[in-house]
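Chemist: Please find work12.cif (mmCIF, C-alpha atoms) on the next line:
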```
data_entry
#
loop_
_atom_site.label_atom_id
_atom_site.label_comp_id
_atom_site.auth_asym_id
_atom_site.auth_seq_id
_atom_site.Cartn_x
_atom_site.Cartn_y
_atom_site.Cartn_z
CA THR C 1 8.97 15.55 -22.09
CA VAL C 2 11.65 16.95 -19.83
CA ALA C 3 13.59 20.08 -20.71
CA ILE C 4 16.95 20.75 -19.08
CA GLU C 5 18.28 24.32 -19.16
CA THR C 6 21.84 25.67 -19.37
CA VAL C 7 23.53 22.46 -20.50
CA GLU C 8 26.14 24.08 -22.75
CA HIS C 9 28.84 24.58 -20.08
CA CYS C 10 28.65 20.97 -18.91
CA LEU C 11 28.42 19.55 -22.45
CA GLY C 12 31.22 21.90 -23.52
CA ALA C 13 33.44 20.45 -20.78
CA CYS C 14 32.60 16.91 -21.88
CA ALA C 15 33.25 17.63 -25.57
CA GLY C 16 36.33 19.73 -24.82
CA LEU C 17 37.86 16.82 -22.89
CA SER C 18 36.75 14.29 -25.56
CA VAL C 19 34.37 12.57 -23.13
CA ASP C 20 31.49 11.23 -25.18
CA ASN C 21 29.91 8.47 -23.12
CA LEU C 22 28.73 9.33 -19.64
CA GLN C 23 25.59 9.47 -17.56
CA ILE C 24 24.60 12.69 -15.83
CA GLU C 25 21.94 12.59 -13.12
CA LEU C 26 20.09 15.75 -12.09
CA ASP C 27 17.55 16.62 -9.43
CA ALA C 28 16.54 19.91 -11.09
CA ASN C 29 15.64 21.15 -14.56
CA GLU C 30 18.76 23.29 -14.80
CA LEU C 31 22.45 22.57 -14.37
CA PRO C 32 24.24 24.71 -11.78
CA GLY C 33 25.65 27.94 -13.21
CA LEU C 34 28.65 27.83 -10.86
CA ASP C 35 30.98 30.69 -11.81
CA GLY C 36 29.61 31.02 -15.35
CA SER C 37 32.40 28.93 -16.90
CA SER C 38 32.88 25.20 -17.41
CA LEU C 39 36.01 25.01 -15.27
CA ALA C 40 34.30 23.23 -12.34
CA PHE C 41 32.85 20.64 -14.73
CA VAL C 42 36.32 20.08 -16.23
CA GLU C 43 37.83 19.69 -12.75
CA ARG C 44 35.17 17.14 -11.73
CA LEU C 45 35.66 15.15 -14.95
CA ARG C 46 39.43 15.16 -14.44
CA THR C 47 38.98 13.99 -10.84
CA ALA C 48 36.60 11.20 -11.88
CA GLY C 49 38.95 10.09 -14.64
CA VAL C 50 38.34 8.88 -18.16
CA GLU C 51 38.21 5.26 -19.17
CA GLU C 52 38.90 4.15 -22.75
CA GLN C 53 36.17 1.92 -24.11
CA ASP C 54 36.16 -0.76 -26.79
CA GLN C 55 33.37 0.87 -28.78
CA VAL C 56 34.56 2.81 -31.82
CA ARG C 57 33.37 6.41 -31.82
CA THR C 58 31.75 7.65 -35.01
CA PRO C 59 32.54 11.35 -35.31
CA PHE C 60 30.20 13.99 -36.65
CA VAL C 61 31.91 15.27 -39.78
CA ILE C 62 30.93 18.27 -41.89
CA SER C 63 31.05 17.17 -45.54
CA GLU C 64 30.15 20.50 -47.15
CA MET C 65 30.02 24.13 -46.09
CA ILE C 66 27.10 25.12 -43.87
CA ARG C 67 26.31 28.82 -43.51
CA VAL C 68 23.66 30.41 -41.29
CA VAL C 69 23.04 34.16 -41.25
CA ASP C 70 20.81 36.05 -38.83
CA GLY C 71 21.05 39.82 -39.12
CA ASP C 72 24.66 40.81 -38.47
CA SER C 73 25.55 37.35 -37.13
CA GLU C 74 26.98 34.58 -39.24
CA LEU C 75 28.06 31.02 -38.50
CA VAL C 76 30.06 29.07 -41.06
CA ALA C 77 31.08 25.42 -40.70
CA LEU C 78 33.64 24.08 -43.15
CA PRO C 79 34.75 20.53 -43.88
CA PRO C 80 38.14 19.65 -42.37
CA LEU C 81 41.18 20.20 -44.59
CA ASN C 82 42.38 16.77 -43.52
CA PRO C 83 39.43 14.35 -43.87
CA ASP C 84 41.05 11.93 -41.39
CA SER C 85 41.30 14.56 -38.65
CA GLU C 86 38.74 14.57 -35.84
CA GLU C 87 40.13 17.80 -34.37
CA LEU C 88 37.79 20.77 -34.23
CA GLU C 89 39.21 24.20 -35.01
CA VAL C 90 37.13 27.24 -34.07
CA ALA C 91 37.73 30.81 -35.19
CA TYR C 92 35.36 33.31 -33.58
CA GLU C 93 35.05 37.05 -34.05
CA LEU C 94 32.98 38.95 -31.52
CA ASP C 95 31.97 42.54 -32.22
CA TYR C 96 29.14 44.26 -30.36
CA GLY C 97 29.77 47.49 -32.25
CA ALA C 98 31.49 50.79 -31.64
CA GLY C 99 29.35 51.77 -28.63
CA SER C 100 29.98 48.55 -26.71
CA HIS C 101 32.13 48.37 -23.57
CA ILE C 102 33.40 44.92 -24.55
CA GLY C 103 35.16 45.87 -27.75
CA ARG C 104 36.06 43.70 -30.70
CA GLN C 105 37.66 40.34 -29.89
CA SER C 106 38.75 37.39 -32.00
CA TYR C 107 40.20 34.03 -31.04
CA ARG C 108 41.21 30.87 -32.91
CA VAL C 109 41.79 27.54 -31.18
CA HIS C 110 42.18 23.85 -31.93
CA ILE C 111 39.91 22.11 -29.45
CA THR C 112 42.11 19.57 -27.72
CA PRO C 113 41.60 18.57 -24.08
CA GLU C 114 44.67 20.59 -23.05
CA ASN C 115 43.70 23.72 -25.02
CA PHE C 116 40.11 23.53 -23.86
CA GLU C 117 41.04 23.20 -20.20
CA ALA C 118 43.63 25.98 -20.23
CA ASN C 119 42.16 28.48 -22.69
CA ILE C 120 38.39 27.98 -23.00
CA ALA C 121 36.96 26.32 -19.87
CA PRO C 122 37.81 29.24 -17.49
CA ALA C 123 36.00 31.84 -19.64
CA ARG C 124 32.82 33.06 -17.93
CA THR C 125 29.36 34.16 -18.98
CA PHE C 126 29.05 37.91 -19.52
CA VAL C 127 26.37 40.53 -20.00
CA LEU C 128 26.26 44.26 -20.51
CA GLU C 129 25.13 46.31 -17.51
CA ARG C 130 21.90 47.34 -19.26
CA GLU C 131 21.14 43.67 -20.04
CA ALA C 132 21.70 42.73 -16.38
CA GLU C 133 19.33 45.53 -15.30
CA GLU C 134 16.67 44.34 -17.78
CA LEU C 135 16.98 40.75 -16.50
CA ARG C 136 16.59 41.85 -12.89
CA ALA C 137 13.63 44.08 -13.78
CA ASN C 138 11.98 40.96 -15.24
CA GLY C 139 12.66 39.00 -12.04
CA LEU C 140 15.60 36.99 -13.41
CA GLY C 141 19.07 36.61 -11.92
CA LYS C 142 18.22 38.37 -8.66
CA HIS C 143 20.36 35.86 -6.73
CA LEU C 144 23.45 36.63 -8.85
CA THR C 145 26.13 39.10 -7.87
CA HIS C 146 28.90 40.67 -9.94
CA ALA C 147 31.17 37.90 -8.61
CA ASP C 148 28.90 35.28 -10.26
CA ILE C 149 28.79 36.75 -13.74
CA LEU C 150 30.85 39.25 -15.69
CA VAL C 151 28.79 42.42 -15.97
CA PHE C 152 30.32 45.01 -18.27
CA GLY C 153 29.85 48.68 -17.50
CA LYS C 154 31.42 51.65 -19.27
CA ASN C 155 34.80 50.98 -17.61
CA GLY C 156 34.86 47.21 -18.10
CA PRO C 157 33.83 44.47 -15.66
CA ILE C 158 31.99 45.74 -12.58
CA GLU C 159 33.43 44.47 -9.27
CA ASN C 160 35.23 41.67 -11.09
CA ARG C 161 38.42 41.00 -13.07
CA LEU C 162 38.95 39.32 -16.41
CA ARG C 163 40.68 35.95 -16.52
CA PHE C 164 41.79 36.68 -20.10
CA PRO C 165 41.88 40.02 -21.97
CA ASP C 166 39.60 38.38 -24.57
CA GLU C 167 37.49 36.35 -22.13
CA CYS C 168 34.19 37.18 -23.85
CA VAL C 169 35.10 35.64 -27.20
CA ARG C 170 36.56 32.62 -25.43
CA HIS C 171 33.27 32.15 -23.59
CA LYS C 172 31.39 32.31 -26.89
CA ILE C 173 33.61 29.45 -28.11
CA LEU C 174 32.79 27.52 -24.92
CA ASP C 175 29.08 27.97 -25.59
CA LEU C 176 29.54 26.92 -29.23
CA VAL C 177 31.41 23.73 -28.28
CA GLY C 178 28.61 22.87 -25.82
CA ASP C 179 25.91 23.64 -28.37
CA LEU C 180 27.67 21.48 -30.98
CA ALA C 181 27.87 18.63 -28.46
CA ALA C 182 24.10 18.91 -27.91
CA LEU C 183 23.50 18.99 -31.67
CA VAL C 184 25.59 15.88 -32.30
CA ARG C 185 23.91 14.07 -29.38
CA ARG C 186 20.45 15.02 -30.64
CA HIS C 187 21.02 14.17 -34.32
CA GLY C 188 23.61 11.40 -33.96
CA ALA C 189 26.96 11.00 -35.60
CA VAL C 190 27.22 11.12 -39.36
CA ASP C 191 29.17 8.51 -41.30
CA ARG C 192 31.89 9.87 -43.51
#
```
Starting from the coordinates I provided, produce the structure as structure tokens.
Modeler:
Amino acid sequence: TVAIETVEHCLGACAGLSVDNLQIELDANELPGLDGSSLAFVERLRTAGVEEQDQVRTPFVISEMIRVVDGDSELVALPPLNPDSEELEVAYELDYGAGSHIGRQSYRVHITPENFEANIAPARTFVLEREAEELRANGLGKHLTHADILVFGKNGPIENRLRFPDECVRHKILDLVGDLAALVRRHGAVDR
């Protein structure tokens, strides 16, 4: 068995651009982190181009509400209002609490290739300063700098600038789109 780490940014780019049939070859057990977003993956896919195929795609469709709760976190998936629509709409609310330096953010987006590329793909991975210190103390992420990942201190990003005022919630949507792509790939499409 082979395990590949950090696939969500690459799979998010594929799903965000509606690319669902490709072969990815790796020489490591982890995809490159790049700048913490999926923008470079989107750019490479755009450069390579997309070719329509004759095979009909069977979409993964939610037929009834799914709700998962873990502590203060909740994920709800609802069936589409229009059963013939294949468009994914994501509404995400991010709230680390009153003491957090990130603040409360919410974002709603229809995942189309254009929206994904412009509004989701550039959003980067982020951590709180104390989380970054804990990771480094455990020997992880020592090669990363503040230019590689958004590290939030008490005054906002340290030695970095936001691409969007609500970049953190947008990145959570990026991760979700990538995770959903992995889920669909693992469990297969569901007939309506």
Chemist: Enumerate, as a count of residues only, the residues matched when the PyMOL selection byres ((chain C and resi 143-154) around 9) is run on the file above.
Modeler: 27
Chemist: Could you state which residues are captured by the PyMOL selection byres ((chain C and resi 31) around 8) in this file, as number ranges by chain?
Modeler: C: 4-7, 10, 26, 28-30, 32-33
Chemist: Can you tell me how far CA of Glu74 (chain C) sits from CA of Asp175 (chain C), in Å to one decimal?
Modeler: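 So the answer is 15.3 Å.
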Chemist: Give me the residues near Leu75 (chain C) as a PDB file with C-alpha atoms, keeping the file's coordinate frame, where near means some atom within 12 Å (using all atoms listed in the file) and where sequence neighbours in that chain fewer than 2 positions away do not count.
Modeler:
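Result saved to result_13.pdb:
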```pdb
ATOM      1  CA  MET C  65      30.020  24.130 -46.090  1.00  0.00           C
ATOM      2  CA  ILE C  66      27.100  25.120 -43.870  1.00  0.00           C
ATOM      3  CA  ARG C  67      26.310  28.820 -43.510  1.00  0.00           C
ATOM      4  CA  VAL C  68      23.660  30.410 -41.290  1.00  0.00           C
ATOM      5  CA  VAL C  69      23.040  34.160 -41.250  1.00  0.00           C
ATOM      6  CA  ASP C  70      20.810  36.050 -38.830  1.00  0.00           C
ATOM      7  CA  GLY C  71      21.050  39.820 -39.120  1.00  0.00           C
ATOM      8  CA  ASP C  72      24.660  40.810 -38.470  1.00  0.00           C
ATOM      9  CA  SER C  73      25.550  37.350 -37.130  1.00  0.00           C
ATOM     10  CA  ALA C  77      31.080  25.420 -40.700  1.00  0.00           C
ATOM     11  CA  LEU C  78      33.640  24.080 -43.150  1.00  0.00           C
ATOM     12  CA  VAL C  90      37.130  27.240 -34.070  1.00  0.00           C
ATOM     13  CA  ALA C  91      37.730  30.810 -35.190  1.00  0.00           C
ATOM     14  CA  TYR C  92      35.360  33.310 -33.580  1.00  0.00           C
ATOM     15  CA  GLU C  93      35.050  37.050 -34.050  1.00  0.00           C
ATOM     16  CA  LEU C  94      32.980  38.950 -31.520  1.00  0.00           C
ATOM     17  CA  ILE C 173      33.610  29.450 -28.110  1.00  0.00           C
ATOM     18  CA  LEU C 176      29.540  26.920 -29.230  1.00  0.00           C
TER      19      LEU C 176
END
```
Chemist: Compile the contact shell of region 11-23 of chain C as a PyMOL selection string: residues with an atom at most 9 Å away, counting all atoms listed in the file, same-chain residues fewer than 2 positions apart removed.
Modeler: chain C and resi 7-9+25+38-42+45-46+50+57+111-117+120-121+174-182
Chemist: Record the distance separating CA of Ile24 (chain C) and CA of His171 (chain C), expressed in Å with one decimal.
Modeler: 22.7 Å
Chemist: What is the distance, in Å and to one decimal place, between CA of Arg44 (chain C) and CA of Glu89 (chain C)?
Modeler: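 Interatomic distance, CA of Arg44 (chain C) to CA of Glu89 (chain C): 24.7 Å.
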Chemist: Let me make sure I understand: among C:Asn82, C:Thr1, C:Asn119, C:Gln53, which one has the smallest atom-to-atom distance to Phe164 (chain C) if we use all atoms listed in the file?
Modeler: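 Ranking C:Asn82, C:Thr1, C:Asn119, C:Gln53 by distance to Phe164 (chain C), first place goes to C:Asn119.
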Chemist: So, with all atoms listed in the file as the atoms that count, which of C:Val2, C:Val169, C:Ala118, C:Asp27 lies closest to Ser106 (chain C)?
Modeler: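 For Ser106 (chain C), the nearest of the given residues is C:Val169.
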Chemist: For each of C:Glu133, C:Glu86, C:Asp95, C:Asn138, take the minimum atom-to-atom distance to Lys172 (chain C), counting all atoms listed in the file, then give the residue where this is smallest.
Modeler: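 Among the listed residues, C:Asp95 lies closest to Lys172 (chain C).
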Chemist: What would the selection look like, as a PyMOL selection string, if the PyMOL selection byres ((chain C and resi 79) around 6) were run on the coordinates I just shared?
Modeler: chain C and resi 62-64+78+80
Chemist: Write a file of the selected residues as an mmCIF file, in the frame of the given file, keeping C-alpha atoms.
Modeler:
```cif
data_model
loop_
_atom_site.group_PDB
_atom_site.id
_atom_site.type_symbol
_atom_site.label_atom_id
_atom_site.label_comp_id
_atom_site.auth_asym_id
_atom_site.auth_seq_id
_atom_site.Cartn_x
_atom_site.Cartn_y
_atom_site.Cartn_z
ATOM 1 C CA ILE C 62 30.930 18.270 -41.890
ATOM 2 C CA SER C 63 31.050 17.170 -45.540
ATOM 3 C CA GLU C 64 30.150 20.500 -47.150
ATOM 4 C CA LEU C 78 33.640 24.080 -43.150
ATOM 5 C CA PRO C 80 38.140 19.650 -42.370
#
```
